Structure formats: structure tokens, C-alpha cells
>>> print(open('structure-v6.tsv').read())   # TSV, C-alpha atoms
chain	number	residue	atom	x	y	z
S	1	MET	CA	99.30	18.95	26.16
S	2	ALA	CA	102.90	18.73	25.04
S	3	CYS	CA	104.63	21.61	23.33
S	4	ASN	CA	108.10	22.63	22.28
S	5	VAL	CA	107.74	26.34	23.04
S	6	LYS	CA	111.22	27.29	21.74
S	7	ASP	CA	111.20	30.09	24.27
S	8	TYR	CA	114.72	31.12	23.25
S	9	VAL	CA	113.09	32.30	20.00
S	10	THR	CA	109.51	32.98	21.04
S	11	LEU	CA	110.28	35.19	24.04
S	12	GLY	CA	112.44	37.41	21.84
S	13	LYS	CA	109.52	38.17	19.56
S	14	ARG	CA	107.07	40.95	20.27
S	15	GLY	CA	104.05	39.29	21.85
S	16	GLY	CA	105.82	35.92	21.98
S	17	LEU	CA	105.16	35.28	25.66
S	18	ALA	CA	101.52	36.26	25.23
S	19	ASP	CA	101.24	33.81	22.32
S	20	ILE	CA	102.59	30.93	24.41
S	21	VAL	CA	100.38	31.72	27.40
S	22	SER	CA	97.29	32.26	25.22
S	23	GLU	CA	97.74	28.89	23.50
S	24	ILE	CA	98.08	27.08	26.81
S	25	GLU	CA	95.14	28.95	28.33
S	26	ARG	CA	93.02	28.21	25.25
S	27	HIS	CA	93.48	24.46	25.70
S	28	ASP	CA	93.58	24.61	29.51
S	29	PRO	CA	95.21	21.16	29.82
S	30	ASP	CA	95.13	19.14	33.00
S	31	VAL	CA	98.71	18.05	32.32
S	32	LEU	CA	101.22	20.21	30.46
S	33	ALA	CA	104.66	19.11	29.28
S	34	LEU	CA	106.93	21.78	27.79
S	35	GLN	CA	110.28	21.50	26.07
S	36	ASP	CA	112.72	24.33	25.27
S	37	ALA	CA	111.18	26.20	28.21
S	38	ARG	CA	114.26	27.28	30.21
S	39	ALA	CA	113.41	30.99	30.24
S	40	LEU	CA	109.71	30.39	30.76
S	41	SER	CA	110.55	28.35	33.84
S	42	ARG	CA	112.78	31.15	35.18
S	43	ILE	CA	110.14	33.88	34.78
S	44	ARG	CA	107.32	31.78	36.23
S	45	ASP	CA	107.55	33.48	39.63
S	46	THR	CA	108.10	37.04	38.38
S	47	ASN	CA	105.61	37.29	35.50
S	48	ALA	CA	101.97	37.59	36.62
S	49	ARG	CA	100.50	35.99	33.50
S	50	VAL	CA	102.84	32.99	33.64
S	51	ARG	CA	102.30	32.68	37.42
S	52	THR	CA	98.53	32.62	36.84
S	53	MET	CA	98.90	30.00	34.11
S	54	PHE	CA	100.65	27.65	36.56
S	55	ALA	CA	98.68	28.69	39.67
S	56	ASP	CA	96.44	25.63	40.00
S	57	ARG	CA	99.06	23.14	38.82
S	58	GLN	CA	101.86	21.32	40.58
S	59	THR	CA	105.06	21.90	38.63
S	60	PHE	CA	108.43	20.29	38.12
S	61	SER	CA	111.15	22.03	36.14
S	62	PHE	CA	114.56	20.80	35.12
S	63	GLY	CA	116.74	22.27	32.39
S	64	GLN	CA	114.61	22.86	29.31
S	65	TYR	CA	111.64	20.91	30.69
S	66	VAL	CA	108.51	21.91	32.59
S	67	VAL	CA	105.80	19.49	33.71
S	68	ALA	CA	102.68	21.09	35.19
S	69	SER	CA	99.68	19.09	36.39
S	70	ARG	CA	96.36	19.62	38.12
S	71	PHE	CA	96.83	16.07	39.35
S	72	PRO	CA	99.39	15.18	42.02
S	73	LEU	CA	102.98	14.78	40.82
S	74	ARG	CA	105.59	12.73	42.64
S	75	ASP	CA	108.90	10.99	42.05
S	76	CYS	CA	109.94	13.62	39.51
S	77	THR	CA	113.44	12.95	38.23
S	78	GLN	CA	115.66	13.43	35.23
S	79	GLY	CA	117.14	10.68	33.12
S	80	GLU	CA	120.08	10.77	30.76
S	81	ILE	CA	120.11	10.15	27.03
S	82	THR	CA	123.71	11.23	26.58
S	83	PHE	CA	125.48	10.76	23.26
S	84	ARG	CA	129.19	11.17	22.42
S	85	GLU	CA	129.80	12.44	25.95
S	86	GLN	CA	127.31	15.30	25.40
S	87	THR	CA	124.93	15.32	28.34
S	88	HIS	CA	121.30	15.35	27.30
S	89	THR	CA	118.34	14.65	29.55
S	90	TYR	CA	114.65	13.92	29.79
S	91	VAL	CA	112.35	14.19	32.79
S	92	SER	CA	109.72	11.93	34.25
S	93	CYS	CA	107.07	12.28	36.93
S	94	ALA	CA	104.52	9.92	38.40
S	95	VAL	CA	101.06	11.41	37.90
S	96	THR	CA	98.11	10.18	39.95
S	97	VAL	CA	94.60	10.52	38.50
S	98	GLY	CA	92.03	9.00	40.82
S	99	THR	CA	93.31	5.53	41.66
S	100	LEU	CA	95.64	5.30	38.64
S	101	THR	CA	99.28	6.34	38.76
S	102	PHE	CA	101.27	6.52	35.54
S	103	ASP	CA	104.72	7.71	34.54
S	104	LEU	CA	104.84	10.76	32.31
S	105	VAL	CA	108.11	11.05	30.39
S	106	ASN	CA	108.88	14.40	28.75
S	107	VAL	CA	111.69	14.16	26.17
S	108	HIS	CA	113.28	16.28	23.48
S	109	LEU	CA	115.71	14.54	21.14
S	110	ILE	CA	118.33	16.57	19.31
S	111	THR	CA	117.29	18.20	16.08
S	112	PRO	CA	118.30	16.84	12.68
S	113	ARG	CA	118.31	20.44	11.39
S	114	PHE	CA	122.10	20.87	11.34
S	115	GLY	CA	122.77	17.59	9.55
S	116	LEU	CA	120.06	18.35	7.00
S	117	SER	CA	121.37	21.89	6.44
S	118	ALA	CA	124.95	20.65	6.02
S	119	THR	CA	123.80	18.09	3.46
S	120	ARG	CA	121.90	20.74	1.50
S	121	GLU	CA	124.85	23.16	1.53
S	122	ASP	CA	127.55	20.65	0.62
S	123	PRO	CA	126.32	17.10	-0.04
S	124	LEU	CA	129.75	15.47	0.21
S	125	ARG	CA	130.76	17.18	3.46
S	126	GLY	CA	127.23	17.21	4.82
S	127	ILE	CA	126.64	13.48	4.57
S	128	GLY	CA	129.13	12.94	7.41
S	129	GLN	CA	127.28	15.39	9.66
S	130	TRP	CA	123.96	13.82	8.71
S	131	THR	CA	125.25	10.32	9.44
S	132	GLN	CA	126.61	11.46	12.82
S	133	ASN	CA	123.29	13.12	13.66
S	134	VAL	CA	121.35	9.94	12.85
S	135	SER	CA	123.74	7.95	15.02
S	136	ASP	CA	123.39	10.44	17.91
S	137	ARG	CA	119.59	10.42	17.75
S	138	MET	CA	119.53	6.62	17.61
S	139	THR	CA	121.79	6.53	20.68
S	140	GLN	CA	119.33	8.80	22.46
S	141	ALA	CA	116.34	6.70	21.38
S	142	SER	CA	118.06	3.46	22.43
S	143	ARG	CA	118.98	4.83	25.85
S	144	LEU	CA	115.47	6.15	26.39
S	145	ALA	CA	113.97	2.82	25.26
S	146	ALA	CA	116.20	0.93	27.71
S	147	ASP	CA	115.01	3.20	30.56
S	148	LEU	CA	111.36	2.83	29.52
S	149	ARG	CA	111.61	-0.97	29.58
S	150	LEU	CA	112.49	-0.79	33.30
S	151	ARG	CA	109.24	0.94	34.26
S	152	SER	CA	106.42	-1.01	35.85
S	153	ARG	CA	103.64	1.63	35.84
S	154	PRO	CA	101.55	2.59	32.83
S	155	LEU	CA	103.55	5.03	30.73
S	156	ILE	CA	102.95	8.09	28.58
S	157	VAL	CA	105.87	9.52	26.60
S	158	VAL	CA	105.46	13.07	25.29
S	159	GLY	CA	107.71	15.68	23.78
S	160	ASP	CA	109.57	16.51	20.64
S	161	LEU	CA	111.20	13.47	19.09
S	162	ASN	CA	112.34	15.43	16.03
S	163	ALA	CA	111.42	12.38	13.99
S	164	PRO	CA	108.56	11.30	11.71
S	165	ASP	CA	106.34	8.35	12.57
S	166	SER	CA	108.17	6.11	10.08
S	167	SER	CA	111.66	6.82	11.48
S	168	LEU	CA	114.01	4.39	13.18
S	169	VAL	CA	113.88	6.65	16.25
S	170	VAL	CA	110.12	6.21	16.63
S	171	ARG	CA	110.33	2.51	15.74
S	172	THR	CA	112.92	2.03	18.52
S	173	LEU	CA	110.53	3.55	21.05
S	174	LEU	CA	107.53	1.61	19.75
S	175	GLU	CA	109.48	-1.62	20.21
S	176	THR	CA	109.21	-1.02	23.99
S	177	GLY	CA	105.46	-1.65	23.73
S	178	LEU	CA	104.39	1.97	23.35
S	179	ARG	CA	101.61	2.87	20.94
S	180	ASP	CA	101.74	6.04	18.88
S	181	ALA	CA	98.69	8.07	19.89
S	182	PHE	CA	99.58	10.86	17.46
S	183	ALA	CA	99.56	8.51	14.45
>>> encode(input="structure-v6.tsv", output="C-alpha cells")
Amino acid sequence: MACNVKDYVTLGKRGGLADIVSEIERHDPDVLALQDARALSRIRDTNARVRTMFADRQTFSFGQYVVASRFPLRDCTQGEITFREQTHTYVSCAVTVGTLTFDLVNVHLITPRFGLSATREDPLRGIGQWTQNVSDRMTQASRLAADLRLRSRPLIVVGDLNAPDSSLVVRTLLETGLRDAFA
């Protein structure tokens, strides 16, 4: 299960934490990959319900990311998909299921929201922001694709790409040999 929990919004809402935990408990995934989960990661040890949710899972947290697995995790690291000198990361862990070990990559590319909003508000001024956003997201996708090509184990990429199936971002990642399970 992969989910952008947007905990910076969700945890501020009445019942928001309960909603996140209930959804995860309802699906009871063997492997869980969360994005936008900084606060959730911080309260994991102090909140009984969150602690219970992660109790039978090995976990790795870095920045906005959490990976939790009932299967053994190892070699967990972060990678960089920096653009215009703005540090941005993804995480990866090797997951072993039986005799198979695969790399799980959890990624969250920047949102196109601000470029889209700027274009709606002022098309002439906004087109520059939109163009820059597309360039930044393509830089991220290209850097991630280059890292993925270096991997020798089977690979699963999950997360929030902030891009539709037909986008250049997704096409760049598919050109590494990935298949789109969602589509």
C-alpha cells in the first residue's frame, strides 16, 4: 500500500489521525509506503494507535517518508532528486519475501499545483511558473530514472508522482523498463 497521507493537513483535522490509521488498518498491508508523513513518523512512539499500527512491521523513516514492512527490510537509504539546487529526496529499501529480495523505492515528486494555479490566475505570468515546474519535475524524473537503471534487483517504485499516466514524467520512468501496475 502506498499513500500520500498529507499529514500536515490531515493531522490538523478533527479525527484526521484516526482516519489515516483506520484506512491503513482496513487494508492491513504487508508493505506500507507513506509520503508526506513527517509528523506521523514523529508521533509513532508516543501515540498508542500509531504504535500499534506499526507494531508488527519493521520501519524506516526519513524526512517525509515511512516504509513499514512485515517482511525484513535492509539497505534502507535515501537518494537525491534535487532540482535547481533545491534538495529533494526519495527512499529505498531492500525487502526480502521468502527467497526473493527486491528494491522498494518510495518517491514523491513536487506538485504541479503552484504552476497550475499561477496559470489560472494570470495566464501570461503563470506560464513561466508552469514551464519551470515542468522542467523541475522532469529533472526529478530523469535523476530518479538514472538511479533506477543502476539497480540489479527486481524493483517496485511507489509513491506520488504528481503526474498522469500519459505524462512525460511517467514516460521517463517507464523507459527504465518499469511497467505501470496502476494503469
>>> closest_residue(input="structure-v6.tsv", among="S:Leu148, S:Thr139, S:Val21, S:Val134", to="Thr52 (chain S)", atoms="all atoms listed in the file")
S:Val21
>>> residues_around(input="structure-v6.tsv", residues="region 100-103 of chain S", least_positions_apart="3", cutoff="6 Å", atoms="all atoms listed in the file", output="list of chain:residue names")
S:Cys93, S:Ala94, S:Val95, S:Thr96, S:Val97, S:Arg153, S:Pro154, S:Leu155
>>> closest_residue(input="structure-v6.tsv", among="S:Leu109, S:Val158, S:Leu178, S:Leu40", to="Gly16 (chain S)", atoms="all atoms listed in the file")
S:Leu40
>>> closest_residue(input="structure-v6.tsv", among="S:Arg149, S:Ser166, S:Arg44, S:Arg49", to="Asp19 (chain S)", atoms="all atoms listed in the file")
S:Arg49
>>> atom_distance(input="structure-v6.tsv", atom1="CA of Leu32 (chain S)", atom2="CA of Arg57 (chain S)")
9.1 Å
>>> residues_around(input="structure-v6.tsv", residues="Thr89 (chain S)", least_positions_apart="5", cutoff="7 Å", atoms="all atoms listed in the file", output="PyMOL selection string")
chain S and resi 78-81
>>> closest_residue(input="structure-v6.tsv", among="S:Ala181, S:Val170, S:Ala2, S:Ile127", to="Leu104 (chain S)", atoms="all atoms listed in the file")
S:Ala2
>>> residues_around(input="structure-v6.tsv", residues="Gly128 (chain S)", least_positions_apart="4", cutoff="12 Å", atoms="all atoms listed in the file", output="list in words")
Phe114, Gly115, Leu116, Ser117, Ala118, Thr119, Asp122, Pro123, Leu124, Gln132, Asn133, Val134 and Ser135 of chain S
>>> closest_residue(input="structure-v6.tsv", among="S:Asn4, S:Ser41, S:Thr46, S:Thr99", to="Pro72 (chain S)", atoms="all atoms listed in the file")
S:Thr99
>>> closest_residue(input="structure-v6.tsv", among="S:Gly159, S:Gly98, S:Gly15, S:Pro112", to="Met1 (chain S)", atoms="all atoms listed in the file")
S:Gly159
>>> atom_distance(input="structure-v6.tsv", atom1="CA of Lys6 (chain S)", atom2="CA of Gln140 (chain S)")
20.2 Å
>>> atom_distance(input="structure-v6.tsv", atom1="CA of His27 (chain S)", atom2="CA of Tyr8 (chain S)")
22.4 Å
>>> residues_near_point(input="structure-v6.tsv", point="(109.2, -0.2, 28.2)", cutoff="12 Å", atoms="all atoms listed in the file", output="ChimeraX atom specification")
/S:103,105,142-157,172-179
>>> write_last_selection(input="structure-v6.tsv", atoms="C-alpha atoms", output="mmCIF file, in the coordinates of the input")
data_model
loop_
_atom_site.group_PDB
_atom_site.id
_atom_site.type_symbol
_atom_site.label_atom_id
_atom_site.label_comp_id
_atom_site.auth_asym_id
_atom_site.auth_seq_id
_atom_site.Cartn_x
_atom_site.Cartn_y
_atom_site.Cartn_z
ATOM 1 C CA ASP S 103 104.720 7.710 34.540
ATOM 2 C CA VAL S 105 108.110 11.050 30.390
ATOM 3 C CA SER S 142 118.060 3.460 22.430
ATOM 4 C CA ARG S 143 118.980 4.830 25.850
ATOM 5 C CA LEU S 144 115.470 6.150 26.390
ATOM 6 C CA ALA S 145 113.970 2.820 25.260
ATOM 7 C CA ALA S 146 116.200 0.930 27.710
ATOM 8 C CA ASP S 147 115.010 3.200 30.560
ATOM 9 C CA LEU S 148 111.360 2.830 29.520
ATOM 10 C CA ARG S 149 111.610 -0.970 29.580
ATOM 11 C CA LEU S 150 112.490 -0.790 33.300
ATOM 12 C CA ARG S 151 109.240 0.940 34.260
ATOM 13 C CA SER S 152 106.420 -1.010 35.850
ATOM 14 C CA ARG S 153 103.640 1.630 35.840
ATOM 15 C CA PRO S 154 101.550 2.590 32.830
ATOM 16 C CA LEU S 155 103.550 5.030 30.730
ATOM 17 C CA ILE S 156 102.950 8.090 28.580
ATOM 18 C CA VAL S 157 105.870 9.520 26.600
ATOM 19 C CA THR S 172 112.920 2.030 18.520
ATOM 20 C CA LEU S 173 110.530 3.550 21.050
ATOM 21 C CA LEU S 174 107.530 1.610 19.750
ATOM 22 C CA GLU S 175 109.480 -1.620 20.210
ATOM 23 C CA THR S 176 109.210 -1.020 23.990
ATOM 24 C CA GLY S 177 105.460 -1.650 23.730
ATOM 25 C CA LEU S 178 104.390 1.970 23.350
ATOM 26 C CA ARG S 179 101.610 2.870 20.940
#
>>> residues_around(input="structure-v6.tsv", residues="Ser69 (chain S)", least_positions_apart="4", cutoff="10 Å", atoms="all atoms listed in the file", output="PyMOL selection string")
chain S and resi 29-33+54+56-60+73+95-96
>>> residues_around(input="structure-v6.tsv", residues="Leu34 (chain S)", least_positions_apart="5", cutoff="7 Å", atoms="only C-alpha atoms", output="number ranges by chain")
S: 2-5, 65-67
>>> build_atoms(input="structure-v6.tsv", residues="region 147-163 of chain S", atoms="N, CA, C and O atoms", output="compact mmCIF listing (two decimals), keeping the file's coordinate frame")
# COMPACT_ATOMS: atom_id res chain seq x y z
N ASP S 147 115.59 2.69 29.31
CA ASP S 147 115.01 3.20 30.56
C ASP S 147 113.51 2.90 30.63
O ASP S 147 113.00 2.54 31.69
N LEU S 148 112.81 3.06 29.53
CA LEU S 148 111.36 2.83 29.52
C LEU S 148 111.03 1.38 29.83
O LEU S 148 110.04 1.09 30.49
N ARG S 149 111.85 0.46 29.34
CA ARG S 149 111.61 -0.97 29.58
C ARG S 149 111.69 -1.33 31.07
O ARG S 149 111.16 -2.36 31.48
N LEU S 150 112.34 -0.52 31.87
CA LEU S 150 112.49 -0.79 33.30
C LEU S 150 111.29 -0.35 34.12
O LEU S 150 111.20 -0.67 35.30
N ARG S 151 110.38 0.37 33.52
CA ARG S 151 109.24 0.94 34.26
C ARG S 151 108.13 -0.09 34.41
O ARG S 151 107.86 -0.86 33.50
N SER S 152 107.48 -0.04 35.59
CA SER S 152 106.42 -1.01 35.85
C SER S 152 105.03 -0.38 35.78
O SER S 152 104.04 -1.09 35.64
N ARG S 153 104.94 0.95 35.90
CA ARG S 153 103.64 1.63 35.84
C ARG S 153 103.25 1.88 34.39
O ARG S 153 104.10 1.89 33.50
N PRO S 154 101.95 2.13 34.16
CA PRO S 154 101.55 2.59 32.83
C PRO S 154 102.39 3.83 32.47
O PRO S 154 102.83 4.58 33.36
N LEU S 155 102.57 4.06 31.18
CA LEU S 155 103.55 5.03 30.73
C LEU S 155 103.00 5.88 29.59
O LEU S 155 102.36 5.36 28.67
N ILE S 156 103.25 7.17 29.67
CA ILE S 156 102.95 8.09 28.58
C ILE S 156 104.24 8.85 28.28
O ILE S 156 104.83 9.46 29.18
N VAL S 157 104.68 8.79 27.03
CA VAL S 157 105.87 9.52 26.60
C VAL S 157 105.41 10.67 25.71
O VAL S 157 104.64 10.45 24.76
N VAL S 158 105.84 11.88 26.04
CA VAL S 158 105.46 13.07 25.29
C VAL S 158 106.72 13.87 24.98
O VAL S 158 107.76 13.66 25.59
N GLY S 159 106.60 14.78 24.05
CA GLY S 159 107.71 15.68 23.78
C GLY S 159 107.93 15.89 22.31
O GLY S 159 107.03 15.71 21.49
N ASP S 160 109.15 16.24 22.01
CA ASP S 160 109.57 16.51 20.64
C ASP S 160 110.65 15.51 20.27
O ASP S 160 111.80 15.64 20.68
N LEU S 161 110.25 14.51 19.50
CA LEU S 161 111.20 13.47 19.09
C LEU S 161 112.03 13.90 17.88
O LEU S 161 113.00 13.23 17.53
N ASN S 162 111.64 14.98 17.23
CA ASN S 162 112.34 15.43 16.03
C ASN S 162 112.47 14.29 15.02
O ASN S 162 113.53 14.10 14.42
N ALA S 163 111.40 13.54 14.87
CA ALA S 163 111.42 12.38 13.99
C ALA S 163 110.01 12.08 13.49
O ALA S 163 109.05 12.18 14.25
